[in-house]
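entry-v2.csv (CSV, C-alpha atoms)
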```csv
chain,number,residue,atom,x,y,z
A,1060,GLN,CA,23.8,15.9,-10.3
A,1061,ALA,CA,23.0,15.0,-6.6
A,1062,LEU,CA,19.3,15.7,-7.2
A,1063,ASP,CA,19.2,13.7,-10.4
A,1064,SER,CA,20.8,10.8,-8.5
A,1065,LEU,CA,18.3,11.0,-5.7
A,1066,ARG,CA,15.4,11.3,-8.2
A,1067,GLY,CA,16.7,8.2,-10.0
A,1068,LEU,CA,17.0,6.3,-6.7
A,1069,TYR,CA,13.4,7.1,-5.7
A,1070,ARG,CA,12.2,6.2,-9.2
A,1071,SER,CA,13.8,2.8,-8.9
A,1072,ARG,CA,12.3,2.3,-5.5
A,1073,LEU,CA,8.9,3.4,-6.8
A,1074,ASP,CA,9.1,1.1,-9.8
A,1075,TYR,CA,9.8,-1.9,-7.6
A,1076,VAL,CA,7.1,-1.2,-5.0
A,1077,ILE,CA,4.4,-0.3,-7.5
A,1078,ALA,CA,5.0,-3.5,-9.5
A,1079,ALA,CA,5.0,-5.6,-6.3
A,1080,LEU,CA,1.8,-4.1,-5.0
A,1081,HIS,CA,0.1,-4.5,-8.4
A,1082,LYS,CA,1.3,-8.1,-8.5
A,1083,ALA,CA,-0.3,-8.6,-5.0
A,1084,GLY,CA,-3.6,-7.5,-6.4
A,1085,LEU,CA,-3.8,-4.0,-5.0
A,1086,ARG,CA,-5.3,-1.2,-7.2
A,1087,GLN,CA,-3.4,2.1,-7.5
A,1088,ALA,CA,-5.6,5.2,-6.9
A,1089,CYS,CA,-3.5,7.4,-9.2
A,1090,PRO,CA,-0.1,7.3,-11.0
A,1091,THR,CA,3.0,8.4,-9.1
A,1092,ASP,CA,4.9,10.8,-11.3
A,1093,ALA,CA,7.2,12.3,-8.7
A,1094,GLY,CA,8.1,12.0,-5.0
A,1095,PHE,CA,8.4,8.9,-3.0
A,1096,PHE,CA,4.9,7.8,-2.1
A,1097,THR,CA,2.1,5.9,-3.8
A,1098,LEU,CA,-1.7,5.9,-3.3
A,1099,TRP,CA,-3.8,2.8,-3.3
A,1100,LYS,CA,-7.5,2.0,-3.1
A,1101,VAL,CA,-8.5,0.0,0.0
A,1102,PRO,CA,-10.1,-3.3,-0.9
A,1103,ARG,CA,-13.3,-4.7,0.6
A,1104,ARG,CA,-11.5,-7.8,1.9
A,1105,VAL,CA,-7.9,-8.4,2.8
A,1106,LEU,CA,-6.2,-11.3,4.5
A,1107,GLY,CA,-9.5,-13.2,4.3
A,1108,ARG,CA,-11.3,-10.6,6.4
A,1109,ASP,CA,-14.2,-8.4,5.6
A,1110,LEU,CA,-13.1,-4.8,6.2
A,1111,ALA,CA,-16.6,-3.4,6.7
A,1112,GLU,CA,-17.1,-6.0,9.5
A,1113,GLU,CA,-13.6,-5.3,11.0
A,1114,ALA,CA,-14.3,-1.5,10.9
A,1115,ARG,CA,-17.7,-1.9,12.6
A,1116,GLY,CA,-16.4,-4.2,15.2
A,1117,GLN,CA,-13.6,-1.8,16.2
A,1118,GLY,CA,-15.4,1.5,15.6
A,1119,LEU,CA,-13.0,2.5,12.8
A,1120,SER,CA,-13.2,3.6,9.3
A,1121,SER,CA,-12.6,1.0,6.6
A,1122,HIS,CA,-9.3,2.6,5.6
A,1123,GLU,CA,-8.0,2.6,9.2
A,1124,ALA,CA,-9.2,-1.0,9.8
A,1125,TYR,CA,-7.4,-2.0,6.6
A,1126,ASN,CA,-4.1,-0.3,7.7
A,1127,ARG,CA,-4.2,-1.6,11.2
A,1128,LEU,CA,-4.9,-5.2,10.1
A,1129,VAL,CA,-2.2,-5.1,7.4
A,1130,ILE,CA,0.4,-3.6,9.9
A,1131,SER,CA,-0.4,-6.1,12.7
A,1132,GLU,CA,-0.5,-9.2,10.4
A,1133,THR,CA,2.3,-8.4,7.9
A,1134,GLY,CA,4.4,-5.5,9.3
A,1135,ILE,CA,3.7,-3.5,6.1
A,1136,VAL,CA,3.1,0.1,7.2
A,1137,GLY,CA,1.0,2.6,5.3
A,1138,VAL,CA,-0.8,5.8,6.1
A,1139,HIS,CA,-4.6,5.5,5.8
A,1140,PHE,CA,-6.9,8.4,4.9
A,1141,ALA,CA,-10.2,9.2,3.2
A,1142,GLY,CA,-9.9,10.6,-0.3
A,1143,PHE,CA,-12.3,11.2,-3.1
A,1144,SER,CA,-12.9,9.2,-6.3
A,1145,SER,CA,-12.9,11.0,-9.7
A,1146,ASP,CA,-16.7,11.4,-9.4
A,1147,GLY,CA,-16.4,13.1,-6.0
A,1148,LYS,CA,-17.5,10.2,-3.8
A,1149,PRO,CA,-15.5,9.4,-0.6
A,1150,GLU,CA,-12.9,6.7,-1.2
A,1151,PRO,CA,-10.8,4.9,1.4
A,1152,LEU,CA,-7.1,5.1,0.5
A,1153,VAL,CA,-3.7,4.1,1.9
A,1154,ARG,CA,-0.4,5.6,1.1
A,1155,TYR,CA,2.8,3.6,0.9
A,1156,ALA,CA,6.1,5.4,0.8
A,1157,VAL,CA,9.5,4.2,-0.4
A,1158,CYS,CA,11.8,6.1,2.0
A,1159,ALA,CA,13.5,2.9,3.2
A,1160,ASP,CA,15.8,0.7,1.1
A,1161,VAL,CA,13.1,-1.3,-0.6
A,1162,LEU,CA,15.7,-2.5,-3.2
A,1163,ASN,CA,17.6,-4.6,-0.5
A,1164,GLU,CA,17.2,-8.3,-1.3
A,1165,LYS,CA,16.3,-9.2,2.3
A,1166,PHE,CA,13.7,-6.5,2.4
A,1167,GLN,CA,12.2,-7.7,-0.9
A,1168,SER,CA,12.1,-11.3,0.2
A,1169,ARG,CA,10.1,-10.5,3.3
A,1170,PHE,CA,7.9,-7.9,1.6
A,1171,GLU,CA,7.0,-10.1,-1.2
A,1172,THR,CA,6.2,-13.0,1.2
A,1173,GLU,CA,3.9,-10.8,3.2
A,1174,LEU,CA,2.2,-9.3,0.1
A,1175,ARG,CA,1.3,-12.8,-1.2
A,1176,ARG,CA,-0.8,-13.2,2.0
A,1177,LEU,CA,-2.9,-10.1,1.4
A,1178,GLN,CA,-5.2,-11.5,-1.3
A,1179,PRO,CA,-7.2,-8.3,-1.7
A,1180,GLU,CA,-10.8,-8.3,-3.0
A,1181,TYR,CA,-12.4,-5.2,-4.4
```
Go ahead and render the structure in this file as structure tokens.
Amino acid sequence: QALDSLRGLYRSRLDYVIAALHKAGLRQACPTDAGFFTLWKVPRRVLGRDLAEEARGQGLSSHEAYNRLVISETGIVGVHFAGFSSDGKPEPLVRYAVCADVLNEKFQSRFETELRRLQPEY
């Protein structure tokens, strides 16, 4: 019963975060069927900035440049990494987890405000 309750809690958190990130224009890399994290494709531009340019200027990968920029500008923290697309090509990704209480109204208000600023372009 405790595990079912925990699974339900994480499902509710995932449903909220996935919908919010989609609404903000981010593209999910794959569906989340279990667990507490989600995977997202890194856009070409975010917060009005070209990520290839940001990456070159800082000597970073595009996924790290994305994550650092989003963290510093919005406080939304992800884990960046290089993955592979379905055709085997390298793909910059970011993972967002739902271990915190993302269902809290104060959290949601701030989170949604910051997500509106992202304006990702793929």
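Of the listed residues A:Ile1130, A:Ala1083, A:Leu1068, A:Ala1093, the one whose atoms come nearest to Thr1172 (chain A) is A:Ala1083, with distances taken using all atoms listed in the file.
Closest to Leu1128 (chain A) among A:Glu1171, A:Glu1113, A:Asp1092, A:Asp1074 is A:Glu1113, based on all atoms listed in the file.
The space separating CA of Phe1140 (chain A) from CA of Asn1163 (chain A) comes to 28.3 Å.
The gap separating CA of Phe1170 (chain A) from CA of Ile1135 (chain A) is 7.6 Å, in Å to one decimal.
The nearest approach to Glu1150 (chain A) among the residues A:Gly1084, A:Pro1090, A:Gly1067, A:Pro1102, with only C-alpha atoms taken into account, belongs to A:Pro1102.
Between Arg1086 (chain A) and the residues A:Arg1154, A:Lys1165, A:Arg1127, A:Arg1072, the shortest atom-to-atom distance, using only C-alpha atoms, involves A:Arg1154.
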Item to check | Nearby residues (only C-alpha atoms) at most 12 Å from Thr1097 (chain A), same-chain spacing under 2 positions excluded, as JSON, numbers by chain | outcome: {"A": [1069, 1070, 1072, 1073, 1074, 1075, 1076, 1077, 1078, 1080, 1081, 1085, 1086, 1087, 1088, 1089, 1090, 1091, 1092, 1093, 1094, 1095, 1099, 1100, 1137, 1138, 1139, 1152, 1153, 1154, 1155, 1156, 1157, 1158]}
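Rounded to one decimal, CA of Ala1111 (chain A) and CA of Ser1144 (chain A) lie 18.5 Å from each other.
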Checklist entry - Got a sec to check which residues sit within 8 Å of (-4.3, -10.0, -4.3), counting all atoms listed in the file, and write them as a ChimeraX atom specification? => result /A:1082-1085,1174-1180
Dump as a tab-separated table (two decimals), keeping the file's coordinate frame, selection limited to C-alpha atoms:
```
chain	number	residue	atom	x	y	z
A	1082	LYS	CA	1.30	-8.10	-8.50
A	1083	ALA	CA	-0.30	-8.60	-5.00
A	1084	GLY	CA	-3.60	-7.50	-6.40
A	1085	LEU	CA	-3.80	-4.00	-5.00
A	1174	LEU	CA	2.20	-9.30	0.10
A	1175	ARG	CA	1.30	-12.80	-1.20
A	1176	ARG	CA	-0.80	-13.20	2.00
A	1177	LEU	CA	-2.90	-10.10	1.40
A	1178	GLN	CA	-5.20	-11.50	-1.30
A	1179	PRO	CA	-7.20	-8.30	-1.70
A	1180	GLU	CA	-10.80	-8.30	-3.00
```
Next on the checklist: Could you check the closest approach to Ser1120 (chain A) for each of A:Gly1107, A:Phe1143, A:Leu1098, A:Pro1151 and tell me which residue wins, using only C-alpha atoms?
Outcome noted: A:Pro1151
